[in-house]
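First comes the structure, then the notes that go with it.
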Amino acid sequence: MENEINEPIIEKKSSISFVWLLPIIILAVLGWTVYESYNKKGTNITVTFNSAEGLKEGITPLKYRGLELGKVTKIDIKDLDKVEVNILVKKEAAKYVAKKGSNFWIKKPTITLTKITGLNTLISGYEIEFMPDKDIEKNLNENDGKTDFKGLNSQPEYQYVKGGYYITLLAKNGDKVNNEMPLFYNSFQIGEIVSKELKNSNVYLKAYIYKKYENLVNESSNFVLNDALHVTFGAGGFSLKVSSLYSALIGGITISTPLLDAKKITEEKHYHLYTTSDNLEEKIAIDISFLNAEGIGVDTPILYKGINIGKITNISLKKNSVKADAYVFKKYKYLLTNNSDFFINEPEISLDGIKNIGTVFTGKYVTLNYKKGDFQTSFKDKNLSQKDNVNDLEITLKANSLGSITKKSKIYFKNIEIGKITDISLAKDFKSVIIKTLIYDRYKKLINKNSIFYDMSSKLIDIKNLNMSINYSGIDSLLKGSIALIADKSSKKSKKSFKLYKSYQEAYKIKKLRNEGFLLNAAFENSFTLKKDMPVFYENQEIGFVNDIKFEEYYSKANLFIYNKFKKYIDKKSRFYKKSPLKIDASLNGILFEIGDISSLLNGSIYLDKTSIKKLQGYQIYESYDKMKSNSDVISIVFDNDVEGLIEQSSKLIYKGIDVGKVIDISLSKNQKIVVKVQIYKDFKSFAKQGNQYYLKKSKISLQEVKNLSSAIFAVNLGVVKNSSKKMQRSFKGYDSISKVRDSSIGKIYKVVSSHATSAGVDSPIYYKNVQIGKINSVDLSSDASKVVLDCLIYDKYTHIIRKNSNFYDISGFKLKFSLFSGTEVKTNTITSILKGGLMVITPKKYEKRADTKKEFILKKS
């Protein structure tokens with residue numbers, strides 16, 4: 001195949017290349033950008049802030065009411081205290097922003113209890129806010145070209161409402177007020193604080209009043225800072241005040257407007273913001289000088305009868321005192337007199353309780369004793385007034401040791417403060433202590449040469465040789481140390497130096513020895529102990545004391561000192577006994593503990609007894625009251641049969657339910673009878689009379705009665721039927737029971753003889769027309785054992801029924817009569833007669849003479 005040769009195709013190229021099209025487009029875009037940038041070029045301004053916290057170059061915007069007007073382009077440090085922030089402001093906004101009077105501030109997120117602002121800045125960052133001058137519309141066409149500005153710390157107040165009602169307040173405590181704090185009128189919010197500024201050391205607050213409440217605020221208005229939570233402890237106790245939950249959480253200012261038609265407040269004029277409502281009241285300035293102002297200070301309240309009448313405003317130290325500047329509300333002006341005493345109130349702790357307990361929690365407060373007088377404004381407290389009194393009496397006390405006494409200790413008489421200690425020093429020989437004291441003028445009449453002083457603050461309890469001594473005069477004297485006075489008006493001679501005794505016991509002994517009296521000797525057995533200085537009492541009145549004791553082998557002698565004014569109670573019938581400190585008595589009524597006075601309980605005491613009816617050869621002191629009685633007021637009761645249940649020192653002698661004596665001894669006589677000795681407590685004569693009858697009060701339980709139940713549990717007691725005889729007797733016959741008592745006030749005994757056995761026994765009833773008129777006292781055999789002899793006791797009120805022709809019938813048990821033709825018949829009288837038996841008395845209508853107790857009646861079958 002021949003080779004083919006193709007001819008070339010020739011194409012004609014364009015004279016313009018598309019390669020140049022891209023650069024041209026780029027140049028066009030750049031040109032347009034330059035044109036737009038030049039055409040919309042903004043204005044650079046510089047704002048100086050104290051801090052650039054939260055601002056970022058190229059990001060932080062400049063805004064006005066949410067509209068972005070520019071952006072931060074650069075942040076530089078001007079000096080260590082300030083930063084310069086460069087902001088490019090849009091061209092169309094520059095005529096509003098770059099003007100004199102423009103304000104700039106950094107908008108930060110704010111969260112309060114009243115509102116939340118700037119919350120969006122938490123995400124986007126801080127913003128710079130702009131606010132034009134208030135007169136921007138008037139000066140809009142003026143071109144001042146201002147580009148340098150000073151930033152504000154917070155937004156200006158006229159940001160809120162243009163032409164609103166603004167007022168200015170002057171606050172002393174600006175730290176308690178913050179922006180957006182609400183203003184209240186009758187608990188309704190009517191405005192808020194919009195700005196806070198410090199000028200010339202004063203805090204000025206700008207407050208905005210909402211439009212619809214403008215009429216509630218005027219020149220008569222008062223502004224008081226709320227106490228959100230007010231807690232007080234005072235004389236009246238605990239007080240908690242909360243104005244409202246809203247106010248408690250955020251605080252606030254309360255407005256009160258007494259005159260609603262007064263003029264409006266101008267913004268240029270300022271009004272005081274008071275911290276409390278007390279500042280609104282009229283006050284009277286006073287000053288008080290205190291000897292010691294410990295525990296009080298500025299704002300310490302002044303109370304009178306629990307009411308707050310003023311306050312301490314300043315404390316200053318003077319040469320010999322402390323001066324307190326204070327005020328009292330004018331309405332209490334009448335309390336400020338030259339006779340009124342101011343003093344510091346503090347808690348008082350004693351065994352009686354705690355006084356002024358409010359001061360334990362809140363501290364002390366100032367109060368006063370008001371007395372009518374002339375008006376004055378300068379005062380001295382009580383202690384200072386007493387110190388400055390030139391009529392006070394200076395005396396010196398000498399003591400072996402100080403104990404708890406200090407320069408702050410007081411001097412008391414009957415627990416009333418009458419003086420104080422002014423100085424303490426050692427004597428020249430260093431063996432004793434010299435205490436200089438001051439007795440207040442109004443009490444110096446108590447002091448004479450017989451005055452006795454003792455240390456109230458010495459040991460509370462002193463035990464020496466098993467002898468306990470108590471020195472108690474109140475907890476206050478033990479805690480603070482104090483001195484007491486025992487006054488004696490028997491002398492008018494003065495004296496300025498005294499011995500200080502270490503205890504009340506020592507001082508009282510000296511006082512006793514100064515009494516006028518006489519001595520008598522009284523013997524006592526060595527089986528018990530008496531002590532020197534032991535008091536002697538009569539009817540609970542101290543009449544003397546044991547002056548001395550002379551010990552001998554078997555019997556000793558006590559030398560008693562009896563005060564003269566009690567001499568009339570001492571005679572030949574006087575006896576003495578040692579007081580038993582504790583007495584225990586047990587019965588069905590319970591257990592009785594009887595404790596003597598404290599002196600008797602700790603040291604023992606001697607009592608004078610005046611109940612004896614016989615004269616004694618000499619004076620004697622018995623070991624106890626019972627021992628004394630057993631040696632004089634004792635009777636003997638002789639029993640033929642046993643006295644089971646009687647117990648020495650436990651069995652009582654009972655008369656009409658009253659304990660009048662007790663069994664002190666039970667013994668067997670030579671003729672095998674039982675002798676019971678009974679000690680009589682009181683009225684011995686009436687129980688030692690001839691004809692008195694004594695019997696055992698044994699327990700008795702039957703269908704008819706329950707008697708003397710306590711004797712079934714405790715000891716058996718004795719009873720007595722008294723006689724009106726005037727003759728004395730000390731030995732008596734004893735009976736097993738009251739039913740065995742003869743010729744008594746209960747009734748008379750009649751003998752009833754039966755030839756047959758009867759089921760009636762002791763205590764079986766005796767009836768007359770189904771009324772019980774007596775009972776069977778005893779059942780016995782006659783001397784020849786051929787008959788049964790019943791001693792029947794007929795009560796006094798029924799003895800007139802028993803006549804010579806009266807008949808006694810046996811009605812014991814019941815009778816059963818059975819017959820096939822007439823039927824069955826059962827006869828009985830009473831249930832008691834069935835169970836216990838009994839008698840019946842029938843006296844014919846034709847009465848014969850009354851029967852005497854010597855007549856014997858024949859018992860008949862019913």
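For the structure tokens, the naming scheme is as follows: chains receive sequential letters (A, B, ...) according to their order of presentation, residues are indexed from 1 within each chain, and ligands are indexed from 1 in presentation order.
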
Would you list the contacts of range 733-742 of chain A as an mmCIF file with C-alpha atoms, in the first residue's frame, taking every protein, DNA or RNA residue within 8 Å and counting only C-alpha atoms, but skipping same-chain residues closer than 4 positions in sequence?
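Saved to out-v3.cif:
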data_model
loop_
_atom_site.group_PDB
_atom_site.id
_atom_site.type_symbol
_atom_site.label_atom_id
_atom_site.label_comp_id
_atom_site.auth_asym_id
_atom_site.auth_seq_id
_atom_site.Cartn_x
_atom_site.Cartn_y
_atom_site.Cartn_z
ATOM 1 C CA ILE A 637 -50.375 -1.503 182.499
ATOM 2 C CA VAL A 638 -50.569 -5.021 183.949
ATOM 3 C CA PHE A 639 -52.087 -7.833 181.853
ATOM 4 C CA ASP A 640 -53.153 -11.258 183.138
ATOM 5 C CA ASN A 641 -53.000 -12.917 179.748
ATOM 6 C CA VAL A 643 -49.970 -9.469 174.974
ATOM 7 C CA GLN A 693 -59.016 1.556 181.552
ATOM 8 C CA TYR A 694 -56.481 0.316 179.008
ATOM 9 C CA TYR A 695 -57.021 -2.476 176.496
ATOM 10 C CA LEU A 696 -55.413 -4.133 173.450
ATOM 11 C CA LYS A 697 -56.593 -2.847 170.064
ATOM 12 C CA LYS A 698 -56.337 -6.173 168.235
ATOM 13 C CA GLY A 719 -56.542 1.914 173.591
ATOM 14 C CA LYS A 748 -73.331 -2.290 181.525
ATOM 15 C CA ILE A 749 -72.641 -6.012 181.983
ATOM 16 C CA ASN A 777 -68.513 -10.089 176.204
ATOM 17 C CA SER A 778 -67.440 -13.488 177.512
ATOM 18 C CA LEU A 793 -72.817 -6.053 177.491
#

Between CA of Lys565 in chain A and CA of Leu520 in chain A, distance in Å (one decimal):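 Interatomic distance here is 14.9 Å.
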
9 Å contact set for range 629-633 of chain A, only C-alpha atoms, chain neighbours under 3 positions out, as a list of chain:residue names: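 Skipping anything fewer than 3 positions along the chain leaves A:Ser612, A:Ile613, A:Lys614, A:Ser624, A:Tyr625, A:Asp626, A:Ile664, A:Lys677, A:Val678, A:Gln679, A:Ile680, A:Tyr681, A:Lys682, A:Phe684, A:Lys685, A:Ala688.
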
N, CA, C and O atoms of the current selection, written as a compact mmCIF listing (two decimals), in the first residue's frame:
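File written: part_10.txt
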# COMPACT_ATOMS: atom_id res chain seq x y z
N SER A 612 -43.08 18.59 182.35
CA SER A 612 -43.05 17.76 183.55
C SER A 612 -43.95 18.36 184.65
O SER A 612 -44.05 19.59 184.78
N ILE A 613 -44.59 17.48 185.45
CA ILE A 613 -45.49 17.94 186.52
C ILE A 613 -44.83 17.85 187.89
O ILE A 613 -45.40 18.26 188.89
N LYS A 614 -43.63 17.32 187.91
CA LYS A 614 -42.97 17.20 189.22
C LYS A 614 -41.65 17.95 189.22
O LYS A 614 -40.99 18.10 188.20
N SER A 624 -32.27 11.64 174.69
CA SER A 624 -33.27 11.90 173.67
C SER A 624 -34.58 12.28 174.34
O SER A 624 -34.72 12.20 175.57
N TYR A 625 -35.51 12.68 173.53
CA TYR A 625 -36.83 13.03 174.04
C TYR A 625 -37.48 11.82 174.70
O TYR A 625 -38.09 11.92 175.77
N ASP A 626 -37.33 10.65 174.07
CA ASP A 626 -37.93 9.44 174.61
C ASP A 626 -37.32 9.07 175.96
O ASP A 626 -38.03 8.64 176.89
N ILE A 664 -42.71 1.49 175.76
CA ILE A 664 -41.24 1.58 175.83
C ILE A 664 -40.62 0.36 176.50
O ILE A 664 -39.41 0.15 176.39
N LYS A 677 -44.91 -0.86 180.08
CA LYS A 677 -44.69 0.54 180.42
C LYS A 677 -44.95 1.40 179.19
O LYS A 677 -44.43 1.12 178.09
N VAL A 678 -45.75 2.45 179.40
CA VAL A 678 -46.15 3.33 178.30
C VAL A 678 -45.70 4.75 178.62
O VAL A 678 -46.00 5.28 179.69
N GLN A 679 -44.99 5.33 177.67
CA GLN A 679 -44.56 6.73 177.80
C GLN A 679 -45.64 7.64 177.21
O GLN A 679 -46.09 7.45 176.08
N ILE A 680 -46.08 8.64 178.00
CA ILE A 680 -47.12 9.57 177.56
C ILE A 680 -46.44 10.81 177.01
O ILE A 680 -45.58 11.41 177.65
N TYR A 681 -46.87 11.22 175.81
CA TYR A 681 -46.24 12.38 175.17
C TYR A 681 -46.70 13.69 175.80
O TYR A 681 -45.88 14.52 176.21
N LYS A 682 -47.99 13.91 175.83
CA LYS A 682 -48.54 15.17 176.34
C LYS A 682 -49.73 14.91 177.25
O LYS A 682 -50.37 13.86 177.17
N PHE A 684 -49.98 14.38 180.48
CA PHE A 684 -49.74 13.19 181.29
C PHE A 684 -50.80 13.03 182.39
O PHE A 684 -51.25 11.92 182.69
N LYS A 685 -51.23 14.13 182.99
CA LYS A 685 -52.19 14.07 184.10
C LYS A 685 -53.47 13.35 183.72
O LYS A 685 -54.00 12.55 184.48
N ALA A 688 -53.05 9.58 183.55
CA ALA A 688 -52.60 8.93 184.79
C ALA A 688 -53.64 9.13 185.89
O ALA A 688 -53.30 9.34 187.05

Please report the interatomic distance between CA of Ser699 in chain A and CA of Lys652 in chain A in Å with one decimal.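 Here the two named atoms are 14.3 Å from each other.
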
What parts of range 65-106 of chain A does DSSP call strand (DSSP E)? I'd like the answer as a ChimeraX atom specification. /A:67-79,82-89,103-106

Would you save the residues from that selection as a CSV table (one decimal), in the first residue's frame, using C-alpha atoms?
chain,number,residue,atom,x,y,z
A,67,LEU,CA,-27.8,47.9,67.7
A,68,GLU,CA,-24.1,47.4,66.8
A,69,LEU,CA,-22.4,50.8,66.1
A,70,GLY,CA,-18.8,49.7,65.9
A,71,LYS,CA,-16.1,47.3,67.1
A,72,VAL,CA,-13.0,47.3,69.3
A,73,THR,CA,-10.0,47.4,67.1
A,74,LYS,CA,-7.1,47.8,69.5
A,75,ILE,CA,-6.5,47.8,73.3
A,76,ASP,CA,-3.4,49.5,74.7
A,77,ILE,CA,-2.1,50.2,78.2
A,78,LYS,CA,-2.0,54.0,78.9
A,79,ASP,CA,-0.5,53.6,82.4
A,82,LYS,CA,-5.8,52.8,82.9
A,83,VAL,CA,-6.3,51.1,79.5
A,84,GLU,CA,-7.1,52.8,76.1
A,85,VAL,CA,-9.7,51.0,74.0
A,86,ASN,CA,-9.7,52.0,70.2
A,87,ILE,CA,-13.2,51.6,68.7
A,88,LEU,CA,-14.0,52.0,65.0
A,89,VAL,CA,-17.4,53.6,64.8
A,103,ASN,CA,-21.1,58.2,77.7
A,104,PHE,CA,-19.5,54.7,77.4
A,105,TRP,CA,-19.4,51.9,79.9
A,106,ILE,CA,-18.7,48.1,79.8

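What separates CA of Gly145 in chain A from CA of Glu57 in chain A is a distance of 23.9 Å.
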
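Counting only C-alpha atoms, Gly657 in chain A has the following residues at most 12 Å away, ignoring those fewer than 3 positions along the same chain: Lys652, Leu653, Ile654, Val660, Gly661, Lys697, Asn708, Asn717, Leu718, Gly719 and Val720 of chain A.
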
Exercise: Ser221 in chain A partners within 12 Å, only C-alpha atoms, chain neighbours under 5 positions left out, as an MDAnalysis selection string: chainID A and resid 167 169 185 214:216 254:265 270:274 280

Fewer than 2 positions away in the same chain doesn't count, so skip those; otherwise give me all residues within 7 Å of Asn547 in chain A, counting only C-alpha atoms, as a ChimeraX atom specification. /A:532-533,545,559-561
